[in-house]
file target30.tsv (TSV, N, CA and C atoms)
chain	number	residue	atom	x	y	z
X	7	MET	N	10.97	-6.50	-52.84
X	7	MET	CA	12.12	-6.47	-53.72
X	7	MET	C	12.64	-5.05	-53.82
X	8	ASN	N	13.97	-4.94	-53.87
X	8	ASN	CA	14.52	-3.60	-53.97
X	8	ASN	C	14.48	-3.09	-55.41
X	9	GLU	N	14.79	-1.82	-55.56
X	9	GLU	CA	14.69	-1.14	-56.85
X	9	GLU	C	15.60	-1.78	-57.91
X	10	ASP	N	16.80	-2.20	-57.53
X	10	ASP	CA	17.72	-2.82	-58.48
X	10	ASP	C	17.16	-4.13	-59.03
X	11	VAL	N	16.54	-4.91	-58.16
X	11	VAL	CA	15.95	-6.18	-58.60
X	11	VAL	C	14.77	-5.90	-59.53
X	12	LEU	N	13.94	-4.95	-59.19
X	12	LEU	CA	12.82	-4.60	-60.06
X	12	LEU	C	13.32	-4.15	-61.43
X	13	TYR	N	14.41	-3.38	-61.46
X	13	TYR	CA	14.98	-2.95	-62.73
X	13	TYR	C	15.52	-4.14	-63.52
X	14	PHE	N	16.15	-5.09	-62.81
X	14	PHE	CA	16.68	-6.29	-63.46
X	14	PHE	C	15.57	-7.02	-64.23
X	15	PHE	N	14.38	-7.09	-63.64
X	15	PHE	CA	13.26	-7.80	-64.25
X	15	PHE	C	12.35	-6.88	-65.05
X	16	ASN	N	12.83	-5.69	-65.39
X	16	ASN	CA	12.03	-4.71	-66.11
X	16	ASN	C	11.45	-5.26	-67.41
X	17	LYS	N	12.22	-6.02	-68.17
X	17	LYS	CA	11.76	-6.55	-69.46
X	17	LYS	C	11.02	-7.88	-69.32
X	18	THR	N	11.14	-8.51	-68.15
X	18	THR	CA	10.48	-9.80	-67.91
X	18	THR	C	9.81	-9.79	-66.54
X	19	PRO	N	8.85	-8.90	-66.33
X	19	PRO	CA	8.25	-8.75	-65.00
X	19	PRO	C	7.55	-10.00	-64.50
X	20	ASP	N	7.08	-10.86	-65.39
X	20	ASP	CA	6.40	-12.07	-64.95
X	20	ASP	C	7.35	-13.06	-64.29
X	21	ALA	N	8.66	-12.90	-64.51
X	21	ALA	CA	9.65	-13.79	-63.88
X	21	ALA	C	10.03	-13.32	-62.48
X	22	ALA	N	9.74	-12.08	-62.15
X	22	ALA	CA	10.12	-11.52	-60.85
X	22	ALA	C	9.54	-12.29	-59.66
X	23	PRO	N	8.28	-12.75	-59.69
X	23	PRO	CA	7.77	-13.50	-58.55
X	23	PRO	C	8.52	-14.81	-58.29
X	24	LEU	N	8.99	-15.46	-59.35
X	24	LEU	CA	9.81	-16.66	-59.16
X	24	LEU	C	11.09	-16.31	-58.41
X	25	TYR	N	11.73	-15.23	-58.86
X	25	TYR	CA	12.95	-14.79	-58.19
X	25	TYR	C	12.67	-14.46	-56.73
X	26	GLU	N	11.57	-13.78	-56.46
X	26	GLU	CA	11.26	-13.35	-55.10
X	26	GLU	C	11.12	-14.55	-54.16
X	27	ILE	N	10.48	-15.62	-54.63
X	27	ILE	CA	10.35	-16.83	-53.82
X	27	ILE	C	11.72	-17.42	-53.53
X	28	LEU	N	12.56	-17.51	-54.57
X	28	LEU	CA	13.90	-18.07	-54.40
X	28	LEU	C	14.73	-17.22	-53.45
X	29	GLU	N	14.71	-15.91	-53.65
X	29	GLU	CA	15.49	-15.02	-52.79
X	29	GLU	C	15.10	-15.19	-51.32
X	30	LYS	N	13.81	-15.22	-51.04
X	30	LYS	CA	13.35	-15.38	-49.65
X	30	LYS	C	13.85	-16.68	-49.05
X	31	ARG	N	13.81	-17.75	-49.82
X	31	ARG	CA	14.28	-19.04	-49.31
X	31	ARG	C	15.79	-19.01	-49.06
X	32	ILE	N	16.54	-18.48	-50.00
X	32	ILE	CA	18.00	-18.43	-49.83
X	32	ILE	C	18.35	-17.61	-48.59
X	33	LEU	N	17.76	-16.43	-48.47
X	33	LEU	CA	18.10	-15.55	-47.35
X	33	LEU	C	17.64	-16.10	-46.00
X	34	SER	N	16.59	-16.90	-45.99
X	34	SER	CA	16.11	-17.44	-44.72
X	34	SER	C	16.74	-18.78	-44.36
X	35	GLU	N	17.26	-19.51	-45.34
X	35	GLU	CA	17.77	-20.85	-45.09
X	35	GLU	C	19.29	-20.97	-45.09
X	36	ILE	N	19.98	-19.95	-45.56
X	36	ILE	CA	21.44	-19.98	-45.62
X	36	ILE	C	21.97	-18.76	-44.88
X	37	GLU	N	22.95	-18.99	-44.01
X	37	GLU	CA	23.48	-17.89	-43.19
X	37	GLU	C	24.51	-17.06	-43.94
X	38	ASN	N	24.63	-15.80	-43.51
X	38	ASN	CA	25.67	-14.88	-43.97
X	38	ASN	C	25.69	-14.68	-45.48
X	39	VAL	N	24.52	-14.51	-46.07
X	39	VAL	CA	24.41	-14.34	-47.52
X	39	VAL	C	24.31	-12.86	-47.86
X	40	SER	N	25.07	-12.47	-48.86
X	40	SER	CA	24.94	-11.14	-49.44
X	40	SER	C	24.49	-11.33	-50.88
X	41	MET	N	23.84	-10.33	-51.42
X	41	MET	CA	23.45	-10.42	-52.82
X	41	MET	C	23.84	-9.14	-53.55
X	42	ARG	N	24.07	-9.31	-54.85
X	42	ARG	CA	24.51	-8.18	-55.67
X	42	ARG	C	23.77	-8.28	-57.01
X	43	VAL	N	23.11	-7.21	-57.37
X	43	VAL	CA	22.41	-7.17	-58.65
X	43	VAL	C	23.36	-6.60	-59.69
X	44	GLN	N	23.59	-7.35	-60.74
X	44	GLN	CA	24.45	-6.92	-61.83
X	44	GLN	C	23.63	-6.80	-63.11
X	45	LYS	N	24.26	-6.45	-64.19
X	45	LYS	CA	23.54	-6.25	-65.44
X	45	LYS	C	22.90	-7.55	-65.95
X	46	THR	N	23.62	-8.67	-65.85
X	46	THR	CA	23.12	-9.92	-66.43
X	46	THR	C	22.74	-10.99	-65.41
X	47	GLN	N	23.01	-10.73	-64.13
X	47	GLN	CA	22.67	-11.73	-63.13
X	47	GLN	C	22.57	-11.11	-61.75
X	48	ILE	N	21.89	-11.84	-60.87
X	48	ILE	CA	21.84	-11.49	-59.46
X	48	ILE	C	22.65	-12.56	-58.74
X	49	THR	N	23.65	-12.13	-58.00
X	49	THR	CA	24.63	-13.04	-57.42
X	49	THR	C	24.43	-13.15	-55.91
X	50	PHE	N	24.52	-14.39	-55.42
X	50	PHE	CA	24.47	-14.66	-53.98
X	50	PHE	C	25.85	-15.13	-53.54
X	51	THR	N	26.36	-14.50	-52.46
X	51	THR	CA	27.71	-14.81	-51.99
X	51	THR	C	27.71	-15.10	-50.50
X	52	ASN	N	28.82	-15.76	-50.06
X	52	ASN	CA	28.99	-16.05	-48.62
X	52	ASN	C	30.46	-16.18	-48.19
X	53	PRO	N	31.43	-15.42	-48.44
X	53	PRO	CA	31.48	-14.22	-49.27
X	53	PRO	C	31.76	-14.52	-50.74
X	54	LYS	N	32.06	-15.77	-51.09
X	54	LYS	CA	32.28	-16.09	-52.50
X	54	LYS	C	30.96	-16.48	-53.15
X	55	VAL	N	30.91	-16.36	-54.46
X	55	VAL	CA	29.70	-16.67	-55.21
X	55	VAL	C	29.35	-18.15	-55.06
X	56	PHE	N	28.09	-18.42	-54.71
X	56	PHE	CA	27.64	-19.81	-54.68
X	56	PHE	C	26.41	-20.04	-55.55
X	57	ALA	N	25.69	-18.97	-55.88
X	57	ALA	CA	24.52	-19.12	-56.75
X	57	ALA	C	24.23	-17.80	-57.46
X	58	CYS	N	23.58	-17.92	-58.61
X	58	CYS	CA	23.18	-16.74	-59.38
X	58	CYS	C	21.81	-16.99	-59.99
X	59	VAL	N	21.13	-15.92	-60.27
X	59	VAL	CA	19.88	-15.97	-61.01
X	59	VAL	C	20.08	-15.10	-62.25
X	60	SER	N	19.66	-15.64	-63.38
X	60	SER	CA	19.78	-14.90	-64.63
X	60	SER	C	18.59	-15.23	-65.52
X	61	LEU	N	18.61	-14.64	-66.68
X	61	LEU	CA	17.59	-14.93	-67.69
X	61	LEU	C	18.26	-15.53	-68.92
X	62	LEU	N	19.37	-16.22	-68.71
X	62	LEU	CA	20.12	-16.84	-69.79
X	62	LEU	C	19.23	-17.78	-70.60
X	63	ARG	N	19.56	-17.92	-71.84
X	63	ARG	CA	18.89	-18.91	-72.67
X	63	ARG	C	19.80	-20.15	-72.69
X	64	VAL	N	19.54	-21.09	-71.81
X	64	VAL	CA	20.40	-22.27	-71.66
X	64	VAL	C	19.90	-23.45	-72.49
X	65	ARG	N	18.80	-23.24	-73.18
X	65	ARG	CA	18.25	-24.22	-74.12
X	65	ARG	C	17.77	-23.45	-75.34
X	66	ARG	N	17.37	-24.19	-76.37
X	66	ARG	CA	16.77	-23.52	-77.52
X	66	ARG	C	15.51	-22.79	-77.07
X	67	LYS	N	15.24	-21.68	-77.71
X	67	LYS	CA	14.08	-20.87	-77.33
X	67	LYS	C	12.79	-21.70	-77.34
X	68	SER	N	12.67	-22.58	-78.31
X	68	SER	CA	11.46	-23.41	-78.42
X	68	SER	C	11.34	-24.41	-77.26
X	69	GLU	N	12.45	-24.69	-76.57
X	69	GLU	CA	12.44	-25.63	-75.46
X	69	GLU	C	12.27	-24.95	-74.10
X	70	LEU	N	12.23	-23.62	-74.11
X	70	LEU	CA	12.09	-22.88	-72.86
X	70	LEU	C	10.64	-22.47	-72.64
X	71	PRO	N	10.21	-22.45	-71.37
X	71	PRO	CA	8.86	-21.96	-71.09
X	71	PRO	C	8.78	-20.46	-71.34
X	72	PRO	N	7.57	-19.92	-71.45
X	72	PRO	CA	7.44	-18.48	-71.73
X	72	PRO	C	7.98	-17.60	-70.61
X	73	VAL	N	7.87	-18.06	-69.36
X	73	VAL	CA	8.37	-17.31	-68.20
X	73	VAL	C	9.28	-18.23	-67.42
X	74	TYR	N	10.51	-17.75	-67.13
X	74	TYR	CA	11.45	-18.57	-66.37
X	74	TYR	C	12.57	-17.72	-65.81
X	75	ILE	N	13.27	-18.30	-64.85
X	75	ILE	CA	14.57	-17.79	-64.41
X	75	ILE	C	15.54	-18.96	-64.51
X	76	VAL	N	16.81	-18.66	-64.59
X	76	VAL	CA	17.84	-19.70	-64.57
X	76	VAL	C	18.59	-19.55	-63.26
X	77	VAL	N	18.62	-20.65	-62.52
X	77	VAL	CA	19.35	-20.70	-61.25
X	77	VAL	C	20.66	-21.43	-61.52
X	78	THR	N	21.76	-20.78	-61.20
X	78	THR	CA	23.09	-21.33	-61.44
X	78	THR	C	23.77	-21.53	-60.09
X	79	PHE	N	24.42	-22.68	-59.93
X	79	PHE	CA	25.17	-22.96	-58.70
X	79	PHE	C	26.39	-23.78	-59.05
X	80	GLY	N	27.39	-23.74	-58.15
X	80	GLY	CA	28.64	-24.44	-58.39
X	80	GLY	C	28.91	-25.49	-57.34
X	81	LEU	N	29.43	-26.63	-57.81
X	81	LEU	CA	29.81	-27.73	-56.93
X	81	LEU	C	31.17	-28.28	-57.35
X	82	SER	N	31.74	-29.13	-56.54
X	82	SER	CA	33.05	-29.71	-56.86
X	82	SER	C	32.93	-30.90	-57.82
X	83	TYR	N	31.72	-31.30	-58.14
X	83	TYR	CA	31.48	-32.44	-59.01
X	83	TYR	C	30.24	-32.16	-59.86
X	84	GLN	N	30.04	-32.99	-60.88
X	84	GLN	CA	28.87	-32.81	-61.73
X	84	GLN	C	27.66	-33.49	-61.11
X	85	LYS	N	26.65	-32.71	-60.83
X	85	LYS	CA	25.39	-33.22	-60.30
X	85	LYS	C	24.58	-33.74	-61.48
X	86	GLU	N	24.05	-34.94	-61.35
X	86	GLU	CA	23.25	-35.53	-62.42
X	86	GLU	C	21.77	-35.43	-62.08
X	87	SER	N	20.99	-34.81	-62.96
X	87	SER	CA	19.55	-34.71	-62.78
X	87	SER	C	18.94	-34.23	-64.09
X	88	PRO	N	17.77	-34.73	-64.43
X	88	PRO	CA	17.10	-34.22	-65.64
X	88	PRO	C	16.69	-32.76	-65.50
X	89	ARG	N	16.65	-32.24	-64.28
X	89	ARG	CA	16.31	-30.83	-64.06
X	89	ARG	C	17.43	-29.89	-64.46
X	90	ILE	N	18.65	-30.39	-64.52
X	90	ILE	CA	19.81	-29.56	-64.84
X	90	ILE	C	19.92	-29.43	-66.36
X	91	ALA	N	19.75	-28.21	-66.84
X	91	ALA	CA	19.76	-27.97	-68.29
X	91	ALA	C	21.17	-28.10	-68.85
X	92	VAL	N	22.16	-27.56	-68.13
X	92	VAL	CA	23.54	-27.57	-68.58
X	92	VAL	C	24.45	-27.68	-67.35
X	93	ALA	N	25.51	-28.48	-67.48
X	93	ALA	CA	26.55	-28.54	-66.45
X	93	ALA	C	27.90	-28.51	-67.16
X	94	THR	N	28.77	-27.61	-66.74
X	94	THR	CA	30.09	-27.51	-67.36
X	94	THR	C	31.16	-27.44	-66.28
X	95	GLU	N	32.30	-28.00	-66.58
X	95	GLU	CA	33.43	-27.95	-65.65
X	95	GLU	C	34.26	-26.72	-66.00
X	96	ALA	N	33.97	-25.62	-65.31
X	96	ALA	CA	34.62	-24.35	-65.58
X	96	ALA	C	36.11	-24.39	-65.24
X	97	HIS	N	36.44	-25.08	-64.17
X	97	HIS	CA	37.81	-25.30	-63.72
X	97	HIS	C	37.87	-26.73	-63.20
X	98	PRO	N	39.05	-27.31	-63.08
X	98	PRO	CA	39.10	-28.66	-62.52
X	98	PRO	C	38.39	-28.71	-61.16
X	99	ASN	N	37.47	-29.67	-61.03
X	99	ASN	CA	36.70	-29.88	-59.80
X	99	ASN	C	35.82	-28.69	-59.43
X	100	ARG	N	35.41	-27.92	-60.41
X	100	ARG	CA	34.47	-26.81	-60.19
X	100	ARG	C	33.43	-26.83	-61.31
X	101	TRP	N	32.30	-27.42	-60.99
X	101	TRP	CA	31.22	-27.59	-61.96
X	101	TRP	C	30.16	-26.51	-61.79
X	102	THR	N	29.76	-25.90	-62.89
X	102	THR	CA	28.69	-24.92	-62.91
X	102	THR	C	27.44	-25.59	-63.48
X	103	HIS	N	26.34	-25.48	-62.75
X	103	HIS	CA	25.08	-26.11	-63.14
X	103	HIS	C	24.01	-25.04	-63.35
X	104	HIS	N	23.20	-25.20	-64.40
X	104	HIS	CA	22.12	-24.26	-64.71
X	104	HIS	C	20.79	-25.01	-64.68
X	105	VAL	N	19.85	-24.48	-63.91
X	105	VAL	CA	18.52	-25.09	-63.78
X	105	VAL	C	17.48	-24.05	-64.20
X	106	VAL	N	16.60	-24.44	-65.11
X	106	VAL	CA	15.51	-23.57	-65.53
X	106	VAL	C	14.35	-23.75	-64.54
X	107	VAL	N	13.89	-22.64	-64.00
X	107	VAL	CA	12.77	-22.65	-63.06
X	107	VAL	C	11.64	-21.83	-63.67
X	108	SER	N	10.48	-22.46	-63.85
X	108	SER	CA	9.36	-21.76	-64.48
X	108	SER	C	8.09	-21.75	-63.63
X	109	LYS	N	8.12	-22.48	-62.51
X	109	LYS	CA	6.95	-22.52	-61.63
X	109	LYS	C	7.41	-22.45	-60.18
X	110	PRO	N	6.61	-21.84	-59.32
X	110	PRO	CA	7.00	-21.74	-57.90
X	110	PRO	C	7.31	-23.08	-57.25
X	111	ASP	N	6.59	-24.14	-57.61
X	111	ASP	CA	6.84	-25.43	-56.97
X	111	ASP	C	8.15	-26.07	-57.39
X	112	GLU	N	8.83	-25.50	-58.39
X	112	GLU	CA	10.16	-25.99	-58.77
X	112	GLU	C	11.25	-25.45	-57.84
X	113	ILE	N	10.89	-24.48	-57.00
X	113	ILE	CA	11.81	-23.99	-55.97
X	113	ILE	C	11.54	-24.85	-54.75
X	114	ASP	N	11.98	-26.09	-54.85
X	114	ASP	CA	11.64	-27.12	-53.88
X	114	ASP	C	12.84	-27.53	-53.06
X	115	GLU	N	12.67	-28.56	-52.26
X	115	GLU	CA	13.74	-29.03	-51.38
X	115	GLU	C	14.95	-29.53	-52.17
X	116	GLU	N	14.72	-30.15	-53.32
X	116	GLU	CA	15.83	-30.63	-54.13
X	116	GLU	C	16.70	-29.46	-54.59
X	117	LEU	N	16.08	-28.45	-55.20
X	117	LEU	CA	16.83	-27.29	-55.67
X	117	LEU	C	17.52	-26.58	-54.51
X	118	MET	N	16.79	-26.37	-53.42
X	118	MET	CA	17.39	-25.70	-52.26
X	118	MET	C	18.53	-26.53	-51.68
X	119	GLY	N	18.42	-27.84	-51.72
X	119	GLY	CA	19.52	-28.70	-51.26
X	119	GLY	C	20.77	-28.48	-52.09
X	120	TRP	N	20.60	-28.37	-53.40
X	120	TRP	CA	21.76	-28.11	-54.27
X	120	TRP	C	22.36	-26.75	-53.97
X	121	ILE	N	21.51	-25.76	-53.76
X	121	ILE	CA	22.01	-24.41	-53.47
X	121	ILE	C	22.72	-24.38	-52.12
X	122	LYS	N	22.18	-25.06	-51.13
X	122	LYS	CA	22.84	-25.13	-49.82
X	122	LYS	C	24.19	-25.84	-49.93
X	123	GLU	N	24.23	-26.91	-50.70
X	123	GLU	CA	25.50	-27.62	-50.91
X	123	GLU	C	26.50	-26.70	-51.60
X	124	ALA	N	26.02	-25.92	-52.58
X	124	ALA	CA	26.90	-24.97	-53.27
X	124	ALA	C	27.41	-23.90	-52.31
X	125	ALA	N	26.56	-23.46	-51.38
X	125	ALA	CA	26.98	-22.45	-50.39
X	125	ALA	C	28.07	-23.03	-49.48
X	126	GLU	N	27.92	-24.28	-49.08
X	126	GLU	CA	28.94	-24.93	-48.25
X	126	GLU	C	30.24	-25.08	-49.02
X	127	PHE	N	30.13	-25.50	-50.29
X	127	PHE	CA	31.33	-25.64	-51.13
X	127	PHE	C	32.03	-24.29	-51.30
X	128	SER	N	31.26	-23.26	-51.57
X	128	SER	CA	31.82	-21.92	-51.75
X	128	SER	C	32.51	-21.44	-50.47
X	129	ALA	N	31.85	-21.63	-49.34
X	129	ALA	CA	32.40	-21.18	-48.07
X	129	ALA	C	33.70	-21.91	-47.71
X	130	SER	N	33.87	-23.13	-48.24
X	130	SER	CA	35.06	-23.91	-47.92
X	130	SER	C	36.27	-23.55	-48.77
X	131	LYS	N	36.03	-22.81	-49.89
X	131	LYS	CA	37.14	-22.43	-50.79
X	131	LYS	C	37.98	-21.34	-50.15
X	132	LYS	N	39.26	-21.41	-50.38
X	132	LYS	CA	40.18	-20.41	-49.82
X	132	LYS	C	40.53	-19.39	-50.87
call {"tool": "encode", "arguments": {"input": "target30.tsv", "output": "structure tokens"}}
result
Amino acid sequence: MNEDVLYFFNKTPDAAPLYEILEKRILSEIENVSMRVQKTQITFTNPKVFACVSLLRVRRKSELPPVYIVVTFGLSYQKESPRIAVATEAHPNRWTHHVVVSKPDEIDEELMGWIKEAAEFSASKK
């Protein structure tokens, strides 16, 4: 992990290994990805944003695990799954989905499938 990513997880170092697993999968499974570390999120682009990692509180604190990351991705429709904590239609036909990830095995084929679909959707936007 680079220095910016380590700084991002400075206050929540136990969440960094989750991010590291996700980053490796995204960079190895999706072509032409760039990433940018910002104050509140780490953004993945191709060249438009298709996924982000943050530490947002997308549920009540009592409903969140002690260690987690939030994976956010965008699609043209609302994806239905109990794994999705929140889905909002930010713009017509542009749905933002937030998934809480607290264990390495939650970075699975289902989540990666959604992220890959989001990358394809993002790449198709003009």
call {"tool": "select_by_dssp", "arguments": {"input": "target30.tsv", "residues": "segment 8-88 of chain X", "states": "strand (DSSP E)", "output": "PyMOL selection string"}}
result
chain X and resi 40-43+47-51+55-60+75-81
call {"tool": "residues_near_point", "arguments": {"input": "target30.tsv", "point": "(30.3, -18.3, -53.1)", "cutoff": "7 Å", "atoms": "all atoms listed in the file", "output": "list in words"}}
result
Phe50, Thr51, Asn52, Pro53, Lys54, Val55, Phe56, Ala57, Ala124, Ala125, Phe127, Ser128 and Ala129 of chain X
call {"tool": "atom_distance", "arguments": {"input": "target30.tsv", "atom1": "atom N of Asn99 of chain X", "atom2": "atom N of Lys85 of chain X"}}
result
11.2 Å
call {"tool": "atom_distance", "arguments": {"input": "target30.tsv", "atom1": "atom CA of Lys109 of chain X", "atom2": "atom CA of Ile90 of chain X"}}
result
15.0 Å
call {"tool": "residues_around", "arguments": {"input": "target30.tsv", "residues": "Thr46 of chain X", "least_positions_apart": "3", "cutoff": "7 Å", "atoms": "all atoms listed in the file", "output": "list in words"}}
result
Val43, Val59, Ser60 and Leu61 of chain X
call {"tool": "axis_aligned_box", "arguments": {"input": "target30.tsv", "around": "segment 46-55 of chain X", "padding_each_side": "5 Å", "output": "AutoDock Vina command-line options"}}
result
--center_x 27.1 --center_y -13.4 --center_z -57.3 --size_x 20.4 --size_y 19.5 --size_z 28.2
call {"tool": "residues_around", "arguments": {"input": "target30.tsv", "residues": "Arg63 of chain X", "least_positions_apart": "6", "cutoff": "10 Å", "atoms": "only C-alpha atoms", "output": "JSON, numbers by chain"}}
result
{"X": [69, 70, 74, 75, 76, 106]}
call {"tool": "atom_distance", "arguments": {"input": "target30.tsv", "atom1": "atom CA of Tyr13 of chain X", "atom2": "atom CA of Gln44 of chain X"}}
result
10.3 Å
call {"tool": "residues_around", "arguments": {"input": "target30.tsv", "residues": "Arg100 of chain X", "least_positions_apart": "5", "cutoff": "6.5 Å", "atoms": "only N, CA and C atoms", "output": "list in words"}}
result
Gly80, Leu81, Ser82, Tyr83, Thr94 and Glu95 of chain X
call {"tool": "closest_residue", "arguments": {"input": "target30.tsv", "among": "X:Gln47, X:Ser87, X:Pro98, X:Leu24", "to": "Asp111 of chain X", "atoms": "only C-alpha atoms"}}
result
X:Leu24
call {"tool": "closest_residue", "arguments": {"input": "target30.tsv", "among": "X:Val105, X:Ala96, X:Leu117, X:Leu28", "to": "Val77 of chain X", "atoms": "only C-alpha atoms"}}
result
X:Val105
call {"tool": "select_by_dssp", "arguments": {"input": "target30.tsv", "residues": "chain X", "states": "helix (DSSP H, G or I)", "output": "compact mmCIF listing (two decimals) with N, CA and C atoms, in the coordinates of the input"}}
result
# COMPACT_ATOMS: atom_id res chain seq x y z
N GLU X 9 14.79 -1.82 -55.56
CA GLU X 9 14.69 -1.14 -56.85
C GLU X 9 15.60 -1.78 -57.91
N ASP X 10 16.80 -2.20 -57.53
CA ASP X 10 17.72 -2.82 -58.48
C ASP X 10 17.16 -4.13 -59.03
N VAL X 11 16.54 -4.91 -58.16
CA VAL X 11 15.95 -6.18 -58.60
C VAL X 11 14.77 -5.90 -59.53
N LEU X 12 13.94 -4.95 -59.19
CA LEU X 12 12.82 -4.60 -60.06
C LEU X 12 13.32 -4.15 -61.43
N TYR X 13 14.41 -3.38 -61.46
CA TYR X 13 14.98 -2.95 -62.73
C TYR X 13 15.52 -4.14 -63.52
N PHE X 14 16.15 -5.09 -62.81
CA PHE X 14 16.68 -6.29 -63.46
C PHE X 14 15.57 -7.02 -64.23
N PRO X 19 8.85 -8.90 -66.33
CA PRO X 19 8.25 -8.75 -65.00
C PRO X 19 7.55 -10.00 -64.50
N ASP X 20 7.08 -10.86 -65.39
CA ASP X 20 6.40 -12.07 -64.95
C ASP X 20 7.35 -13.06 -64.29
N ALA X 21 8.66 -12.90 -64.51
CA ALA X 21 9.65 -13.79 -63.88
C ALA X 21 10.03 -13.32 -62.48
N ALA X 22 9.74 -12.08 -62.15
CA ALA X 22 10.12 -11.52 -60.85
C ALA X 22 9.54 -12.29 -59.66
N PRO X 23 8.28 -12.75 -59.69
CA PRO X 23 7.77 -13.50 -58.55
C PRO X 23 8.52 -14.81 -58.29
N LEU X 24 8.99 -15.46 -59.35
CA LEU X 24 9.81 -16.66 -59.16
C LEU X 24 11.09 -16.31 -58.41
N TYR X 25 11.73 -15.23 -58.86
CA TYR X 25 12.95 -14.79 -58.19
C TYR X 25 12.67 -14.46 -56.73
N GLU X 26 11.57 -13.78 -56.46
CA GLU X 26 11.26 -13.35 -55.10
C GLU X 26 11.12 -14.55 -54.16
N ILE X 27 10.48 -15.62 -54.63
CA ILE X 27 10.35 -16.83 -53.82
C ILE X 27 11.72 -17.42 -53.53
N LEU X 28 12.56 -17.51 -54.57
CA LEU X 28 13.90 -18.07 -54.40
C LEU X 28 14.73 -17.22 -53.45
N GLU X 29 14.71 -15.91 -53.65
CA GLU X 29 15.49 -15.02 -52.79
C GLU X 29 15.10 -15.19 -51.32
N LYS X 30 13.81 -15.22 -51.04
CA LYS X 30 13.35 -15.38 -49.65
C LYS X 30 13.85 -16.68 -49.05
N ARG X 31 13.81 -17.75 -49.82
CA ARG X 31 14.28 -19.04 -49.31
C ARG X 31 15.79 -19.01 -49.06
N ILE X 32 16.54 -18.48 -50.00
CA ILE X 32 18.00 -18.43 -49.83
C ILE X 32 18.35 -17.61 -48.59
N LEU X 33 17.76 -16.43 -48.47
CA LEU X 33 18.10 -15.55 -47.35
C LEU X 33 17.64 -16.10 -46.00
N SER X 34 16.59 -16.90 -45.99
CA SER X 34 16.11 -17.44 -44.72
C SER X 34 16.74 -18.78 -44.36
N GLU X 35 17.26 -19.51 -45.34
CA GLU X 35 17.77 -20.85 -45.09
C GLU X 35 19.29 -20.97 -45.09
N LYS X 67 15.24 -21.68 -77.71
CA LYS X 67 14.08 -20.87 -77.33
C LYS X 67 12.79 -21.70 -77.34
N SER X 68 12.67 -22.58 -78.31
CA SER X 68 11.46 -23.41 -78.42
C SER X 68 11.34 -24.41 -77.26
N GLU X 69 12.45 -24.69 -76.57
CA GLU X 69 12.44 -25.63 -75.46
C GLU X 69 12.27 -24.95 -74.10
N PRO X 110 6.61 -21.84 -59.32
CA PRO X 110 7.00 -21.74 -57.90
C PRO X 110 7.31 -23.08 -57.25
N ASP X 111 6.59 -24.14 -57.61
CA ASP X 111 6.84 -25.43 -56.97
C ASP X 111 8.15 -26.07 -57.39
N GLU X 112 8.83 -25.50 -58.39
CA GLU X 112 10.16 -25.99 -58.77
C GLU X 112 11.25 -25.45 -57.84
N GLU X 115 12.67 -28.56 -52.26
CA GLU X 115 13.74 -29.03 -51.38
C GLU X 115 14.95 -29.53 -52.17
N GLU X 116 14.72 -30.15 -53.32
CA GLU X 116 15.83 -30.63 -54.13
C GLU X 116 16.70 -29.46 -54.59
N LEU X 117 16.08 -28.45 -55.20
CA LEU X 117 16.83 -27.29 -55.67
C LEU X 117 17.52 -26.58 -54.51
N MET X 118 16.79 -26.37 -53.42
CA MET X 118 17.39 -25.70 -52.26
C MET X 118 18.53 -26.53 -51.68
N GLY X 119 18.42 -27.84 -51.72
CA GLY X 119 19.52 -28.70 -51.26
C GLY X 119 20.77 -28.48 -52.09
N TRP X 120 20.60 -28.37 -53.40
CA TRP X 120 21.76 -28.11 -54.27
C TRP X 120 22.36 -26.75 -53.97
N ILE X 121 21.51 -25.76 -53.76
CA ILE X 121 22.01 -24.41 -53.47
C ILE X 121 22.72 -24.38 -52.12
N LYS X 122 22.18 -25.06 -51.13
CA LYS X 122 22.84 -25.13 -49.82
C LYS X 122 24.19 -25.84 -49.93
N GLU X 123 24.23 -26.91 -50.70
CA GLU X 123 25.50 -27.62 -50.91
C GLU X 123 26.50 -26.70 -51.60
N ALA X 124 26.02 -25.92 -52.58
CA ALA X 124 26.90 -24.97 -53.27
C ALA X 124 27.41 -23.90 -52.31
N ALA X 125 26.56 -23.46 -51.38
CA ALA X 125 26.98 -22.45 -50.39
C ALA X 125 28.07 -23.03 -49.48
N GLU X 126 27.92 -24.28 -49.08
CA GLU X 126 28.94 -24.93 -48.25
C GLU X 126 30.24 -25.08 -49.02
N PHE X 127 30.13 -25.50 -50.29
CA PHE X 127 31.33 -25.64 -51.13
C PHE X 127 32.03 -24.29 -51.30
N SER X 128 31.26 -23.26 -51.57
CA SER X 128 31.82 -21.92 -51.75
C SER X 128 32.51 -21.44 -50.47
N ALA X 129 31.85 -21.63 -49.34
CA ALA X 129 32.40 -21.18 -48.07
C ALA X 129 33.70 -21.91 -47.71
N SER X 130 33.87 -23.13 -48.24
CA SER X 130 35.06 -23.91 -47.92
C SER X 130 36.27 -23.55 -48.77
call {"tool": "closest_residue", "arguments": {"input": "target30.tsv", "among": "X:Thr18, X:Ser108, X:Glu35, X:Leu62", "to": "Glu123 of chain X", "atoms": "only C-alpha atoms"}}
result
X:Glu35
call {"tool": "closest_residue", "arguments": {"input": "target30.tsv", "among": "X:Cys58, X:Ile48, X:Ala93, X:Ala21", "to": "Val73 of chain X", "atoms": "only N, CA and C atoms"}}
result
X:Ala21
